[in-house]
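Asker: If it helps, the file is called data-v9.cif and holds mmCIF, C-alpha atoms:
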```
data_data
loop_
_atom_site.label_atom_id
_atom_site.label_comp_id
_atom_site.auth_asym_id
_atom_site.auth_seq_id
_atom_site.Cartn_x
_atom_site.Cartn_y
_atom_site.Cartn_z
CA MET A 1 -44.97 26.79 -38.66
CA PRO A 2 -42.07 24.32 -39.13
CA ALA A 3 -38.59 25.74 -38.74
CA ALA A 4 -37.74 25.14 -42.41
CA GLU A 5 -40.81 27.06 -43.60
CA SER A 6 -40.17 29.95 -41.21
CA GLY A 7 -36.64 30.40 -42.49
CA ALA A 8 -35.05 29.27 -39.20
CA PRO A 9 -32.32 26.63 -39.60
CA ALA A 10 -33.08 23.08 -38.58
CA ALA A 11 -31.51 22.25 -35.23
CA GLY A 12 -28.35 20.20 -35.13
CA VAL A 13 -27.76 16.93 -33.31
CA LEU A 14 -25.75 16.30 -30.16
CA HIS A 15 -23.90 13.00 -30.70
CA VAL A 16 -22.74 11.21 -27.52
CA VAL A 17 -19.75 9.23 -28.77
CA ALA A 18 -18.01 6.38 -26.92
CA THR A 19 -14.23 6.28 -27.38
CA PRO A 20 -11.65 3.53 -26.68
CA ILE A 21 -10.72 2.66 -23.09
CA GLY A 22 -7.32 1.52 -24.31
CA ASN A 23 -7.28 -0.27 -27.65
CA LEU A 24 -7.61 2.25 -30.49
CA GLY A 25 -9.13 -0.44 -32.68
CA ASP A 26 -12.32 -0.09 -30.64
CA LEU A 27 -13.17 3.32 -32.17
CA SER A 28 -15.95 2.26 -34.53
CA PRO A 29 -16.18 3.43 -38.16
CA ARG A 30 -19.43 5.20 -37.31
CA ALA A 31 -17.78 7.04 -34.41
CA GLN A 32 -14.94 8.12 -36.70
CA GLN A 33 -17.41 9.42 -39.30
CA VAL A 34 -19.38 11.41 -36.72
CA LEU A 35 -16.22 12.92 -35.23
CA ARG A 36 -15.07 13.98 -38.71
CA THR A 37 -18.31 15.66 -39.72
CA VAL A 38 -19.58 17.55 -36.66
CA ALA A 39 -18.85 21.26 -36.23
CA ALA A 40 -16.94 20.68 -32.99
CA ILE A 41 -16.15 18.01 -30.42
CA CYS A 42 -16.77 18.70 -26.73
CA ALA A 43 -13.99 16.87 -24.87
CA GLU A 44 -13.18 16.30 -21.20
CA ASP A 45 -9.45 16.84 -21.86
CA THR A 46 -8.72 18.37 -25.27
CA ARG A 47 -5.06 17.30 -25.15
CA HIS A 48 -6.01 13.67 -24.60
CA THR A 49 -8.70 13.72 -27.29
CA ARG A 50 -6.42 15.50 -29.76
CA GLN A 51 -3.98 12.60 -29.48
CA LEU A 52 -6.78 10.14 -30.19
CA LEU A 53 -8.05 12.10 -33.19
CA SER A 54 -4.57 12.44 -34.65
CA GLN A 55 -4.34 8.65 -34.90
CA PHE A 56 -7.26 8.74 -37.35
CA GLY A 57 -6.43 11.97 -39.17
CA ILE A 58 -9.43 13.80 -37.68
CA VAL A 59 -8.97 17.58 -37.44
CA THR A 60 -12.38 18.67 -36.10
CA PRO A 61 -12.13 21.64 -33.66
CA LEU A 62 -12.16 20.76 -29.96
CA LEU A 63 -13.93 22.48 -27.08
CA ALA A 64 -13.13 21.80 -23.42
CA LEU A 65 -16.12 20.52 -21.43
CA HIS A 66 -15.36 19.24 -17.94
CA GLU A 67 -16.82 19.24 -14.44
CA HIS A 68 -15.56 22.76 -13.72
CA ASN A 69 -17.06 24.54 -16.76
CA GLU A 70 -19.91 22.36 -17.99
CA GLU A 71 -22.70 24.23 -16.23
CA ALA A 72 -21.37 27.60 -17.42
CA ILE A 73 -21.10 26.69 -21.11
CA ALA A 74 -24.00 24.26 -21.58
CA GLN A 75 -26.46 26.92 -22.73
CA ARG A 76 -23.90 28.38 -25.15
CA LEU A 77 -23.50 24.96 -26.73
CA VAL A 78 -27.28 24.49 -26.88
CA ALA A 79 -27.48 27.80 -28.76
CA ARG A 80 -25.05 26.45 -31.34
CA LEU A 81 -27.15 23.33 -31.72
CA GLN A 82 -30.30 25.42 -32.11
CA ALA A 83 -28.54 27.43 -34.82
CA GLY A 84 -28.07 24.25 -36.84
CA GLU A 85 -24.62 23.00 -35.87
CA SER A 86 -24.13 19.40 -34.84
CA LEU A 87 -21.73 18.64 -32.00
CA ALA A 88 -20.12 15.53 -30.52
CA LEU A 89 -19.55 14.84 -26.84
CA VAL A 90 -16.68 12.56 -25.78
CA SER A 91 -14.94 11.76 -22.50
CA ASP A 92 -11.29 10.78 -22.04
CA ALA A 93 -12.20 7.11 -22.47
CA GLY A 94 -15.34 5.01 -22.69
CA THR A 95 -18.94 6.17 -22.78
CA PRO A 96 -19.59 9.79 -21.74
CA LEU A 97 -21.61 10.48 -18.58
CA VAL A 98 -20.59 7.13 -16.99
CA SER A 99 -18.52 8.59 -14.11
CA ASP A 100 -17.58 11.38 -16.56
CA PRO A 101 -18.90 14.87 -17.43
CA GLY A 102 -21.73 15.52 -19.88
CA PHE A 103 -24.94 15.12 -17.91
CA ARG A 104 -25.70 18.85 -17.74
CA LEU A 105 -25.16 19.35 -21.47
CA VAL A 106 -27.30 16.35 -22.42
CA ARG A 107 -30.09 17.45 -20.09
CA ALA A 108 -29.97 21.06 -21.37
CA ALA A 109 -30.08 19.84 -24.98
CA ARG A 110 -33.04 17.57 -24.36
CA GLU A 111 -34.90 20.29 -22.48
CA ALA A 112 -34.38 22.55 -25.52
CA GLY A 113 -35.85 19.91 -27.82
CA ILE A 114 -32.50 19.05 -29.39
CA ARG A 115 -32.03 15.53 -30.69
CA VAL A 116 -29.41 13.64 -28.64
CA SER A 117 -28.10 10.56 -30.43
CA PRO A 118 -25.83 7.86 -28.96
CA VAL A 119 -22.89 6.39 -30.85
CA PRO A 120 -22.37 3.25 -28.71
CA GLY A 121 -19.00 1.74 -28.00
CA PRO A 122 -16.55 0.90 -25.22
CA SER A 123 -17.55 1.00 -21.56
CA ALA A 124 -15.22 -0.27 -18.85
CA LEU A 125 -18.01 -1.44 -16.56
CA VAL A 126 -19.73 -3.49 -19.28
CA ALA A 127 -16.41 -4.88 -20.54
CA ALA A 128 -15.48 -6.02 -17.02
CA LEU A 129 -18.91 -7.47 -16.28
CA SER A 130 -18.87 -9.45 -19.53
CA VAL A 131 -15.78 -11.43 -18.46
CA ALA A 132 -16.30 -11.53 -14.68
CA GLY A 133 -18.26 -14.76 -14.39
CA LEU A 134 -20.48 -13.19 -11.72
CA PRO A 135 -24.27 -12.79 -12.02
CA SER A 136 -24.96 -10.14 -14.65
CA ASP A 137 -28.76 -10.21 -14.88
CA ARG A 138 -29.01 -7.57 -12.14
CA PHE A 139 -26.20 -5.24 -11.11
CA ALA A 140 -25.64 -1.88 -9.44
CA PHE A 141 -22.97 0.49 -10.73
CA GLU A 142 -21.50 2.58 -7.90
CA GLY A 143 -18.75 4.37 -9.85
CA PHE A 144 -15.93 5.78 -7.73
CA LEU A 145 -16.28 5.46 -3.98
CA PRO A 146 -15.53 8.49 -1.75
CA ALA A 147 -11.83 9.31 -1.45
CA LYS A 148 -11.98 9.80 2.32
CA ALA A 149 -11.74 6.58 4.30
CA ALA A 150 -14.65 7.18 6.68
CA ALA A 151 -17.08 8.06 3.89
CA ARG A 152 -15.88 5.13 1.78
CA ARG A 153 -16.40 2.65 4.65
CA GLU A 154 -19.83 4.05 5.37
CA ARG A 155 -20.86 3.65 1.72
CA LEU A 156 -19.57 0.08 1.54
CA ALA A 157 -21.31 -0.80 4.80
CA ALA A 158 -24.58 0.48 3.37
CA LEU A 159 -24.14 -1.91 0.41
CA ALA A 160 -23.39 -5.02 2.48
CA ALA A 161 -26.92 -6.41 2.09
CA GLU A 162 -27.32 -5.43 -1.59
CA PRO A 163 -28.37 -8.61 -3.47
CA ARG A 164 -27.26 -7.38 -6.90
CA THR A 165 -23.73 -7.65 -8.28
CA LEU A 166 -21.82 -4.47 -7.37
CA ILE A 167 -19.49 -2.64 -9.76
CA PHE A 168 -16.97 0.01 -8.73
CA TYR A 169 -14.29 2.06 -10.44
CA GLU A 170 -11.05 2.63 -8.55
CA SER A 171 -7.71 4.35 -9.06
CA ALA A 172 -4.23 2.90 -8.57
CA HIS A 173 -3.42 4.92 -5.46
CA ARG A 174 -6.59 3.80 -3.60
CA ILE A 175 -7.06 0.19 -4.74
CA ASP A 176 -5.30 -1.23 -1.65
CA ALA A 177 -7.43 0.75 0.81
CA MET A 178 -10.62 0.12 -1.17
CA LEU A 179 -10.12 -3.66 -1.13
CA ALA A 180 -9.28 -3.64 2.59
CA ASP A 181 -12.48 -1.75 3.31
CA ALA A 182 -14.47 -4.09 1.05
CA VAL A 183 -13.17 -7.10 3.01
CA ALA A 184 -14.32 -5.44 6.24
CA ALA A 185 -17.74 -4.54 4.85
CA PHE A 186 -18.59 -7.68 2.84
CA GLY A 187 -16.43 -10.34 4.47
CA GLY A 188 -13.25 -11.82 3.06
CA ALA A 189 -15.07 -14.81 1.58
CA ARG A 190 -17.31 -12.75 -0.74
CA ARG A 191 -16.49 -13.52 -4.38
CA ALA A 192 -15.10 -10.68 -6.45
CA VAL A 193 -13.28 -9.84 -9.68
CA LEU A 194 -10.52 -7.29 -10.18
CA ALA A 195 -10.26 -6.12 -13.80
CA ARG A 196 -7.21 -3.95 -14.55
CA GLU A 197 -6.11 -2.08 -17.67
CA LEU A 198 -8.91 -3.54 -19.81
CA THR A 199 -8.11 -3.75 -23.56
CA LYS A 200 -4.55 -2.56 -22.89
CA LEU A 201 -1.22 -4.38 -23.09
CA PHE A 202 -1.13 -5.37 -19.41
CA GLU A 203 -4.80 -6.33 -19.08
CA THR A 204 -5.48 -8.66 -16.15
CA VAL A 205 -8.72 -10.09 -14.77
CA LEU A 206 -8.33 -11.72 -11.35
CA ASP A 207 -11.11 -13.54 -9.50
CA GLY A 208 -11.53 -15.15 -6.11
CA PRO A 209 -12.52 -14.28 -2.54
CA LEU A 210 -12.07 -10.63 -1.64
CA SER A 211 -9.41 -11.43 0.95
CA ALA A 212 -7.36 -13.36 -1.63
CA LEU A 213 -7.61 -10.55 -4.17
CA HIS A 214 -6.48 -8.04 -1.56
CA ALA A 215 -3.52 -10.24 -0.67
CA ARG A 216 -2.61 -10.56 -4.36
CA VAL A 217 -2.64 -6.79 -4.78
CA LEU A 218 -0.49 -6.31 -1.68
CA ALA A 219 2.03 -8.89 -2.85
CA ASP A 220 2.43 -7.68 -6.43
CA ALA A 221 3.20 -4.02 -7.17
CA ASP A 222 2.16 -4.52 -10.80
CA GLN A 223 -1.39 -5.22 -9.59
CA ARG A 224 -1.49 -1.75 -8.05
CA ARG A 225 -0.90 0.01 -11.37
CA GLY A 226 -3.41 1.27 -13.92
CA GLU A 227 -7.17 1.69 -13.88
CA PHE A 228 -9.46 -0.75 -12.11
CA VAL A 229 -12.98 -2.11 -12.23
CA VAL A 230 -13.89 -4.01 -9.06
CA ILE A 231 -16.89 -6.33 -9.25
CA VAL A 232 -18.29 -7.86 -6.06
CA GLU A 233 -20.90 -10.58 -5.88
CA GLY A 234 -24.14 -9.49 -4.23
CA ALA A 235 -25.27 -10.71 -0.82
CA GLY A 236 -27.86 -12.94 -2.48
CA GLU A 237 -31.56 -13.15 -1.83
CA GLU A 238 -31.13 -16.20 0.44
CA GLY A 239 -28.09 -15.00 2.39
CA ASP A 240 -27.96 -15.05 6.17
CA ALA A 241 -29.64 -11.76 6.99
CA ARG A 242 -28.13 -11.62 10.47
CA LEU A 243 -24.60 -12.12 9.14
CA VAL A 244 -25.06 -9.49 6.44
CA GLU A 245 -26.40 -7.02 8.98
CA GLY A 246 -23.65 -7.95 11.44
CA ARG A 247 -20.94 -7.21 8.88
CA ARG A 248 -22.60 -3.92 7.99
CA VAL A 249 -22.68 -2.82 11.63
CA TYR A 250 -19.14 -4.15 12.21
CA ALA A 251 -17.83 -2.06 9.32
CA LEU A 252 -19.49 1.06 10.70
CA LEU A 253 -18.24 0.48 14.24
CA GLY A 254 -14.79 -0.43 12.96
CA ALA A 255 -14.26 3.15 11.88
CA HIS A 256 -14.35 4.19 15.56
CA LEU A 257 -13.45 1.10 17.64
CA PRO A 258 -10.71 -1.56 17.70
CA PRO A 259 -11.68 -4.61 15.59
CA SER A 260 -12.32 -6.91 18.57
CA ALA A 261 -14.55 -4.38 20.31
CA ALA A 262 -16.39 -3.57 17.07
CA ALA A 263 -17.05 -7.27 16.41
CA LYS A 264 -18.26 -7.89 19.98
CA LEU A 265 -20.68 -4.98 19.87
CA ALA A 266 -21.90 -5.77 16.34
CA ALA A 267 -22.59 -9.36 17.39
CA GLU A 268 -24.58 -8.18 20.42
CA ILE A 269 -26.61 -5.76 18.29
CA THR A 270 -27.40 -8.08 15.38
CA GLY A 271 -27.09 -11.62 16.72
CA ALA A 272 -24.48 -12.49 14.09
CA PRO A 273 -21.67 -14.91 15.17
CA ARG A 274 -18.81 -12.81 16.52
CA LYS A 275 -16.11 -15.10 15.10
CA LEU A 276 -17.49 -14.57 11.56
CA LEU A 277 -17.22 -10.80 12.00
CA TYR A 278 -13.83 -10.34 13.62
CA GLY A 279 -11.11 -10.83 11.02
CA SER A 280 -13.66 -11.35 8.22
#
```
I'd like the structure from this file rewritten - as C-alpha coordinates, please.

Answerer:
Amino acid sequence: MPAAESGAPAAGVLHVVATPIGNLGDLSPRAQQVLRTVAAICAEDTRHTRQLLSQFGIVTPLLALHEHNEEAIAQRLVARLQAGESLALVSDAGTPLVSDPGFRLVRAAREAGIRVSPVPGPSALVAALSVAGLPSDRFAFEGFLPAKAAARRERLAALAAEPRTLIFYESAHRIDAMLADAVAAFGGARRAVLARELTKLFETVLDGPLSALHARVLADADQRRGEFVVIVEGAGEEGDARLVEGRRVYALLGAHLPPSAAAKLAAEITGAPRKLLYGS
(Lines of atoms letter the chains of each structure in order from A and count residues from 1; the text may use other names and numbers.)
(Lines give C-alpha, C1' and ligand atoms only; values in the text may rest on other atoms or scores of the structure.)
Protein backbone atom coordinates (compact mmCIF):
# COMPACT_ATOMS: atom_id res chain seq x y z
CA MET A 1 0.00 0.00 0.00
CA PRO A 2 1.42 3.46 -0.86
CA ALA A 3 2.71 5.51 2.04
CA ALA A 4 0.01 8.16 1.60
CA GLU A 5 -2.78 5.57 1.77
CA SER A 6 -1.28 3.85 4.81
CA GLY A 7 -1.15 7.10 6.74
CA ALA A 8 2.67 7.22 6.76
CA PRO A 9 4.14 10.57 5.67
CA ALA A 10 5.77 10.81 2.27
CA ALA A 11 9.55 10.77 2.55
CA GLY A 12 11.45 14.00 2.22
CA VAL A 13 14.21 14.83 -0.24
CA LEU A 14 17.94 15.17 0.41
CA HIS A 15 19.13 18.13 -1.68
CA VAL A 16 22.88 18.20 -2.46
CA VAL A 17 23.53 21.92 -2.92
CA ALA A 18 26.63 23.49 -4.47
CA THR A 19 27.74 26.75 -2.84
CA PRO A 20 30.15 29.50 -4.00
CA ILE A 21 33.89 28.85 -4.04
CA GLY A 22 34.48 32.57 -3.56
CA ASN A 23 32.09 34.86 -5.40
CA LEU A 24 28.75 35.01 -3.56
CA GLY A 25 27.01 35.85 -6.82
CA ASP A 26 27.46 32.21 -7.83
CA LEU A 27 24.81 30.99 -5.35
CA SER A 28 21.97 30.30 -7.77
CA PRO A 29 18.37 31.41 -7.16
CA ARG A 30 17.33 27.76 -7.04
CA ALA A 31 19.98 26.99 -4.40
CA GLN A 32 18.77 29.94 -2.31
CA GLN A 33 15.17 28.73 -2.54
CA VAL A 34 16.08 25.19 -1.49
CA LEU A 35 18.18 26.42 1.44
CA ARG A 36 15.28 28.60 2.62
CA THR A 37 12.65 25.88 2.51
CA VAL A 38 14.29 22.70 3.84
CA ALA A 39 13.88 21.68 7.48
CA ALA A 40 17.63 21.87 8.13
CA ILE A 41 20.95 22.28 6.36
CA CYS A 42 23.74 19.77 6.98
CA ALA A 43 26.98 21.78 6.81
CA GLU A 44 30.66 20.88 6.99
CA ASP A 45 31.38 23.96 9.15
CA THR A 46 28.25 25.59 10.56
CA ARG A 47 30.08 28.85 11.33
CA HIS A 48 31.23 29.19 7.73
CA THR A 49 27.83 28.31 6.30
CA ARG A 50 26.03 30.64 8.73
CA GLN A 51 28.07 33.53 7.33
CA LEU A 52 27.06 32.57 3.80
CA LEU A 53 23.38 32.25 4.69
CA SER A 54 23.36 35.59 6.48
CA GLN A 55 24.32 37.31 3.22
CA PHE A 56 21.02 36.12 1.75
CA GLY A 57 18.81 36.44 4.83
CA ILE A 58 18.43 32.66 5.17
CA VAL A 59 17.73 31.49 8.73
CA THR A 60 17.26 27.74 8.22
CA PRO A 61 18.64 25.66 11.16
CA LEU A 62 22.11 24.21 10.67
CA LEU A 63 23.45 20.77 11.61
CA ALA A 64 27.16 19.93 11.68
CA LEU A 65 28.11 17.08 9.33
CA HIS A 66 31.83 16.49 8.84
CA GLU A 67 34.32 13.66 8.46
CA HIS A 68 34.43 13.00 12.20
CA ASN A 69 30.68 12.60 12.82
CA GLU A 70 29.12 11.73 9.47
CA GLU A 71 29.03 7.97 9.97
CA ALA A 72 27.54 8.34 13.46
CA ILE A 73 24.67 10.65 12.48
CA ALA A 74 23.83 9.48 8.95
CA GLN A 75 21.10 7.08 10.05
CA ARG A 76 19.57 9.72 12.33
CA LEU A 77 19.32 12.07 9.37
CA VAL A 78 17.85 9.31 7.19
CA ALA A 79 15.17 8.81 9.85
CA ARG A 80 14.25 12.48 9.58
CA LEU A 81 14.01 12.16 5.82
CA GLN A 82 11.83 9.06 6.16
CA ALA A 83 9.57 11.00 8.53
CA GLY A 84 8.89 13.52 5.78
CA GLU A 85 11.45 16.27 6.36
CA SER A 86 13.58 17.51 3.50
CA LEU A 87 17.22 18.36 4.18
CA ALA A 88 20.03 20.10 2.31
CA LEU A 89 23.67 19.06 2.28
CA VAL A 90 26.38 21.69 1.69
CA SER A 91 30.15 21.81 2.07
CA ASP A 92 32.26 24.86 2.94
CA ALA A 93 32.58 25.71 -0.75
CA GLY A 94 31.77 24.11 -4.08
CA THR A 95 29.96 20.85 -4.75
CA PRO A 96 29.58 18.49 -1.77
CA LEU A 97 31.36 15.11 -1.84
CA VAL A 98 34.11 16.42 -4.18
CA SER A 99 37.01 16.14 -1.69
CA ASP A 100 34.43 17.01 0.99
CA PRO A 101 32.15 15.07 3.39
CA GLY A 102 28.72 13.75 2.44
CA PHE A 103 29.31 10.41 0.76
CA ARG A 104 28.09 8.33 3.71
CA LEU A 105 24.89 10.34 4.09
CA VAL A 106 24.09 10.21 0.37
CA ARG A 107 24.72 6.47 0.24
CA ALA A 108 22.61 5.84 3.37
CA ALA A 109 19.76 7.93 1.94
CA ARG A 110 19.81 6.12 -1.38
CA GLU A 111 19.95 2.73 0.31
CA ALA A 112 16.84 3.74 2.28
CA GLY A 113 15.01 4.66 -0.91
CA ILE A 114 15.19 8.40 -0.25
CA ARG A 115 15.25 10.71 -3.24
CA VAL A 116 18.61 12.53 -3.51
CA SER A 117 18.44 15.57 -5.77
CA PRO A 118 21.38 17.69 -6.97
CA VAL A 119 21.30 21.48 -7.06
CA PRO A 120 24.28 22.05 -9.40
CA GLY A 121 26.64 24.96 -9.11
CA PRO A 122 30.27 25.89 -8.48
CA SER A 123 33.05 23.31 -8.56
CA ALA A 124 36.70 24.35 -8.36
CA LEU A 125 37.95 21.48 -10.50
CA VAL A 126 35.49 22.18 -13.33
CA ALA A 127 36.09 25.94 -13.12
CA ALA A 128 39.85 25.43 -13.40
CA LEU A 129 39.59 22.89 -16.20
CA SER A 130 37.33 25.21 -18.20
CA VAL A 131 40.03 27.90 -18.43
CA ALA A 132 43.17 25.72 -18.44
CA GLY A 133 43.60 25.24 -22.18
CA LEU A 134 44.61 21.61 -21.60
CA PRO A 135 42.76 18.59 -23.04
CA SER A 136 39.42 18.30 -21.24
CA ASP A 137 37.77 15.42 -23.09
CA ARG A 138 39.31 12.92 -20.65
CA PHE A 139 40.63 13.79 -17.21
CA ALA A 140 41.34 12.18 -13.84
CA PHE A 141 40.58 14.03 -10.62
CA GLU A 142 43.02 13.07 -7.87
CA GLY A 143 41.86 15.51 -5.17
CA PHE A 144 44.41 16.22 -2.44
CA LEU A 145 47.65 14.27 -2.57
CA PRO A 146 49.02 12.67 0.64
CA ALA A 147 50.49 15.16 3.10
CA LYS A 148 53.58 13.06 3.78
CA ALA A 149 56.34 13.51 1.22
CA ALA A 150 57.11 9.84 0.59
CA ALA A 151 53.47 8.91 0.01
CA ARG A 152 52.94 11.96 -2.20
CA ARG A 153 55.96 11.12 -4.38
CA GLU A 154 54.86 7.52 -4.69
CA ARG A 155 51.38 8.59 -5.82
CA LEU A 156 52.75 11.03 -8.38
CA ALA A 157 55.18 8.43 -9.69
CA ALA A 158 52.28 6.03 -10.21
CA LEU A 159 50.56 8.69 -12.35
CA ALA A 160 53.56 9.46 -14.58
CA ALA A 161 52.24 7.36 -17.48
CA GLU A 162 48.58 8.44 -17.11
CA PRO A 163 47.44 9.69 -20.55
CA ARG A 164 44.52 11.75 -19.24
CA THR A 165 44.76 15.31 -17.94
CA LEU A 166 45.39 15.20 -14.18
CA ILE A 167 43.67 17.51 -11.68
CA PHE A 168 44.80 18.03 -8.09
CA TYR A 169 43.75 20.21 -5.18
CA GLU A 170 46.50 21.66 -3.01
CA SER A 171 46.86 23.92 0.02
CA ALA A 172 49.06 26.99 0.40
CA HIS A 173 51.51 25.40 2.82
CA ARG A 174 52.23 22.41 0.51
CA ILE A 175 52.09 23.94 -2.99
CA ASP A 176 55.89 24.40 -3.16
CA ALA A 177 56.63 20.78 -2.20
CA MET A 178 53.85 19.44 -4.41
CA LEU A 179 55.16 21.22 -7.51
CA ALA A 180 58.75 20.11 -6.79
CA ASP A 181 57.58 16.51 -6.55
CA ALA A 182 55.50 16.89 -9.72
CA VAL A 183 58.59 18.12 -11.61
CA ALA A 184 60.49 15.04 -10.42
CA ALA A 185 57.69 12.65 -11.33
CA PHE A 186 56.50 14.10 -14.65
CA GLY A 187 59.53 16.04 -15.86
CA GLY A 188 59.96 19.80 -15.80
CA ALA A 189 58.82 20.18 -19.41
CA ARG A 190 55.33 18.73 -18.82
CA ARG A 191 52.69 21.41 -19.43
CA ALA A 192 50.59 22.43 -16.44
CA VAL A 193 48.23 25.11 -15.13
CA LEU A 194 48.13 26.59 -11.64
CA ALA A 195 44.73 28.08 -10.79
CA ARG A 196 44.64 30.05 -7.52
CA GLU A 197 41.80 31.71 -5.62
CA LEU A 198 39.26 31.05 -8.38
CA THR A 199 36.34 33.55 -8.52
CA LYS A 200 37.98 35.62 -5.75
CA LEU A 201 39.62 39.05 -5.82
CA PHE A 202 43.16 37.73 -6.35
CA GLU A 203 42.30 35.01 -8.87
CA THR A 204 45.27 33.95 -11.00
CA VAL A 205 45.63 31.25 -13.65
CA LEU A 206 49.24 30.54 -14.62
CA ASP A 207 50.30 28.14 -17.36
CA GLY A 208 53.56 26.79 -18.70
CA PRO A 209 56.05 23.97 -18.10
CA LEU A 210 55.97 22.53 -14.59
CA SER A 211 59.50 23.72 -13.85
CA ALA A 212 58.59 27.29 -14.81
CA LEU A 213 55.46 27.25 -12.66
CA HIS A 214 57.47 25.96 -9.71
CA ALA A 215 60.03 28.72 -10.19
CA ARG A 216 57.25 31.32 -10.36
CA VAL A 217 55.78 30.09 -7.09
CA LEU A 218 59.19 30.13 -5.40
CA ALA A 219 59.90 33.67 -6.60
CA ASP A 220 56.57 35.24 -5.65
CA ALA A 221 55.17 34.83 -2.13
CA ASP A 222 51.73 35.92 -3.36
CA GLN A 223 51.61 32.79 -5.52
CA ARG A 224 51.92 30.67 -2.38
CA ARG A 225 48.74 32.07 -0.83
CA GLY A 226 45.17 30.81 -1.09
CA GLU A 227 43.62 27.64 -2.47
CA PHE A 228 44.98 25.89 -5.55
CA VAL A 229 43.89 23.66 -8.39
CA VAL A 230 46.87 22.14 -10.22
CA ILE A 231 46.20 20.71 -13.68
CA VAL A 232 48.89 18.65 -15.42
CA GLU A 233 48.80 17.51 -19.01
CA GLY A 234 48.68 13.74 -19.42
CA ALA A 235 51.57 11.67 -20.74
CA GLY A 236 49.75 11.25 -24.05
CA GLU A 237 48.94 8.07 -25.90
CA GLU A 238 51.97 8.47 -28.20
CA GLY A 239 54.51 9.51 -25.57
CA ASP A 240 57.89 7.83 -25.23
CA ALA A 241 57.01 4.87 -23.05
CA ARG A 242 60.60 4.36 -21.93
CA LEU A 243 60.95 7.99 -20.85
CA VAL A 244 57.66 7.92 -18.96
CA GLU A 245 58.65 4.72 -17.20
CA GLY A 246 62.14 6.08 -16.54
CA ARG A 247 60.73 9.18 -14.84
CA ARG A 248 58.37 7.05 -12.78
CA VAL A 249 61.20 4.84 -11.55
CA TYR A 250 63.47 7.88 -11.02
CA ALA A 251 60.84 9.51 -8.81
CA LEU A 252 60.51 6.37 -6.72
CA LEU A 253 64.27 5.89 -6.36
CA GLY A 254 64.75 9.58 -5.66
CA ALA A 255 62.98 9.18 -2.34
CA HIS A 256 65.87 6.96 -1.17
CA LEU A 257 68.93 7.85 -3.30
CA PRO A 258 70.81 10.99 -4.36
CA PRO A 259 69.46 12.36 -7.68
CA SER A 260 72.48 11.30 -9.75
CA ALA A 261 72.41 7.75 -8.41
CA ALA A 262 68.63 7.52 -8.83
CA ALA A 263 68.86 8.71 -12.45
CA LYS A 264 71.69 6.27 -13.27
CA LEU A 265 69.81 3.31 -11.84
CA ALA A 266 66.48 4.32 -13.39
CA ALA A 267 68.16 4.62 -16.79
CA GLU A 268 69.70 1.14 -16.42
CA ILE A 269 66.34 -0.36 -15.41
CA THR A 270 64.16 1.27 -18.07
CA GLY A 271 66.48 2.20 -20.93
CA ALA A 272 65.44 5.86 -20.70
CA PRO A 273 68.17 8.49 -21.43
CA ARG A 274 69.87 9.33 -18.15
CA LYS A 275 70.33 13.01 -19.03
CA LEU A 276 66.54 13.40 -19.49
CA LEU A 277 65.95 11.99 -16.01
CA TYR A 278 68.55 13.75 -13.89
CA GLY A 279 67.48 17.33 -13.28
CA SER A 280 64.19 16.84 -15.15

Asker: Pick out the residues sitting within 10 Å of Arg30 (chain A), and hand them over as a PyMOL selection string; count only C-alpha atoms, and ignore anything fewer than 3 positions along from it in its own chain.

Answerer: chain A and resi 17+27+33-36+119-121

Asker: If you measure from CA of Val116 (chain A) to CA of Gly12 (chain A), what distance in Å do you get, rounded to one decimal?

Answerer: 9.3 Å

Asker: In Å, with one decimal, what is the gap from CA of Leu89 (chain A) to CA of Ala39 (chain A)?

Answerer: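 CA of Ala39 (chain A) lies 11.4 Å from CA of Leu89 (chain A).
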
Asker: Counting only C-alpha atoms, which of A:Ile21, A:Leu81, A:Ala251, A:Ala241 gets nearest to Pro163 (chain A)?

Answerer: A:Ala241

Asker: Rounded to one decimal in Å, what is the spacing between CA of Leu125 (chain A) and CA of Val229 (chain A)?

Answerer: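 A separation of 6.7 Å between them.
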
Asker: Might you spell out which residues the PyMOL selection byres ((chain A and resi 152-157) around 7) would select in the displayed file, as a ChimeraX atom specification?

Answerer: /A:145-151,158-160,181-182,185,248,251-252

Asker: Would you please work out which residue, of A:Ala11, A:Leu134, A:Ala43, A:Ala235, is nearest to Arg115 (chain A) when using only C-alpha atoms?

Answerer: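 Closest to Arg115 (chain A), using only C-alpha atoms: A:Ala11.
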
Asker: Apply the PyMOL selection byres ((chain A and resi 255-266) around 10) to the file shown and report the selected residues as number ranges by chain.

Answerer: A: 149-151, 153-154, 184, 243, 245-254, 267-280

Asker: Which of these residues is nearest to Ala189 (chain A), using only C-alpha atoms: A:Leu63, A:His214, A:Pro101, A:His173?

Answerer: A:His214

Asker: Using all atoms listed in the file, which of A:Val90, A:Ala18, A:Val126, A:Ala221 sits nearest Ile41 (chain A)?

Answerer: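 Selected residue with least distance to Ile41 (chain A): A:Val90.
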
Asker: Draw an axis-aligned box tight on the listed atoms of region 160-165 of chain A, then pad every side by 3 Å and write out centre and edge lengths in Å to one decimal as lines of an AutoDock Vina configuration file.

Answerer:
```
center_x = -25.9
center_y = -6.8
center_z = -2.9
size_x = 11.0
size_y = 9.6
size_z = 16.8
```

Asker: Under the PyMOL selection byres ((chain A and resi 44-47) around 12), which residues of this model are included? Write them out as a VMD selection string.

Answerer: chain A and resid 19 40 to 43 48 to 54 60 to 70 88 to 97 99 to 102

Asker: When you count only C-alpha atoms, which of these residues is closest to Gly236 (chain A): A:Asp26, A:Glu170, A:Glu162, A:Glu142?

Answerer: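 Of the candidates, the smallest distance to Gly236 (chain A) is held by A:Glu162.
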
Asker: Which is closest to Arg164 (chain A) among A:Val59, A:Ile231, A:Leu218, A:Leu24, if we use all atoms listed in the file?

Answerer: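 Answer, going by the shortest atom-to-atom distance: A:Ile231.
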
Asker: Please identify all polymer residues within 8 Å of Ser136 (chain A), counting all atoms listed in the file, omitting same-chain residues fewer than 5 positions from it, and present them as an MDAnalysis selection string.

Answerer: chainID A and resid 129:130 165
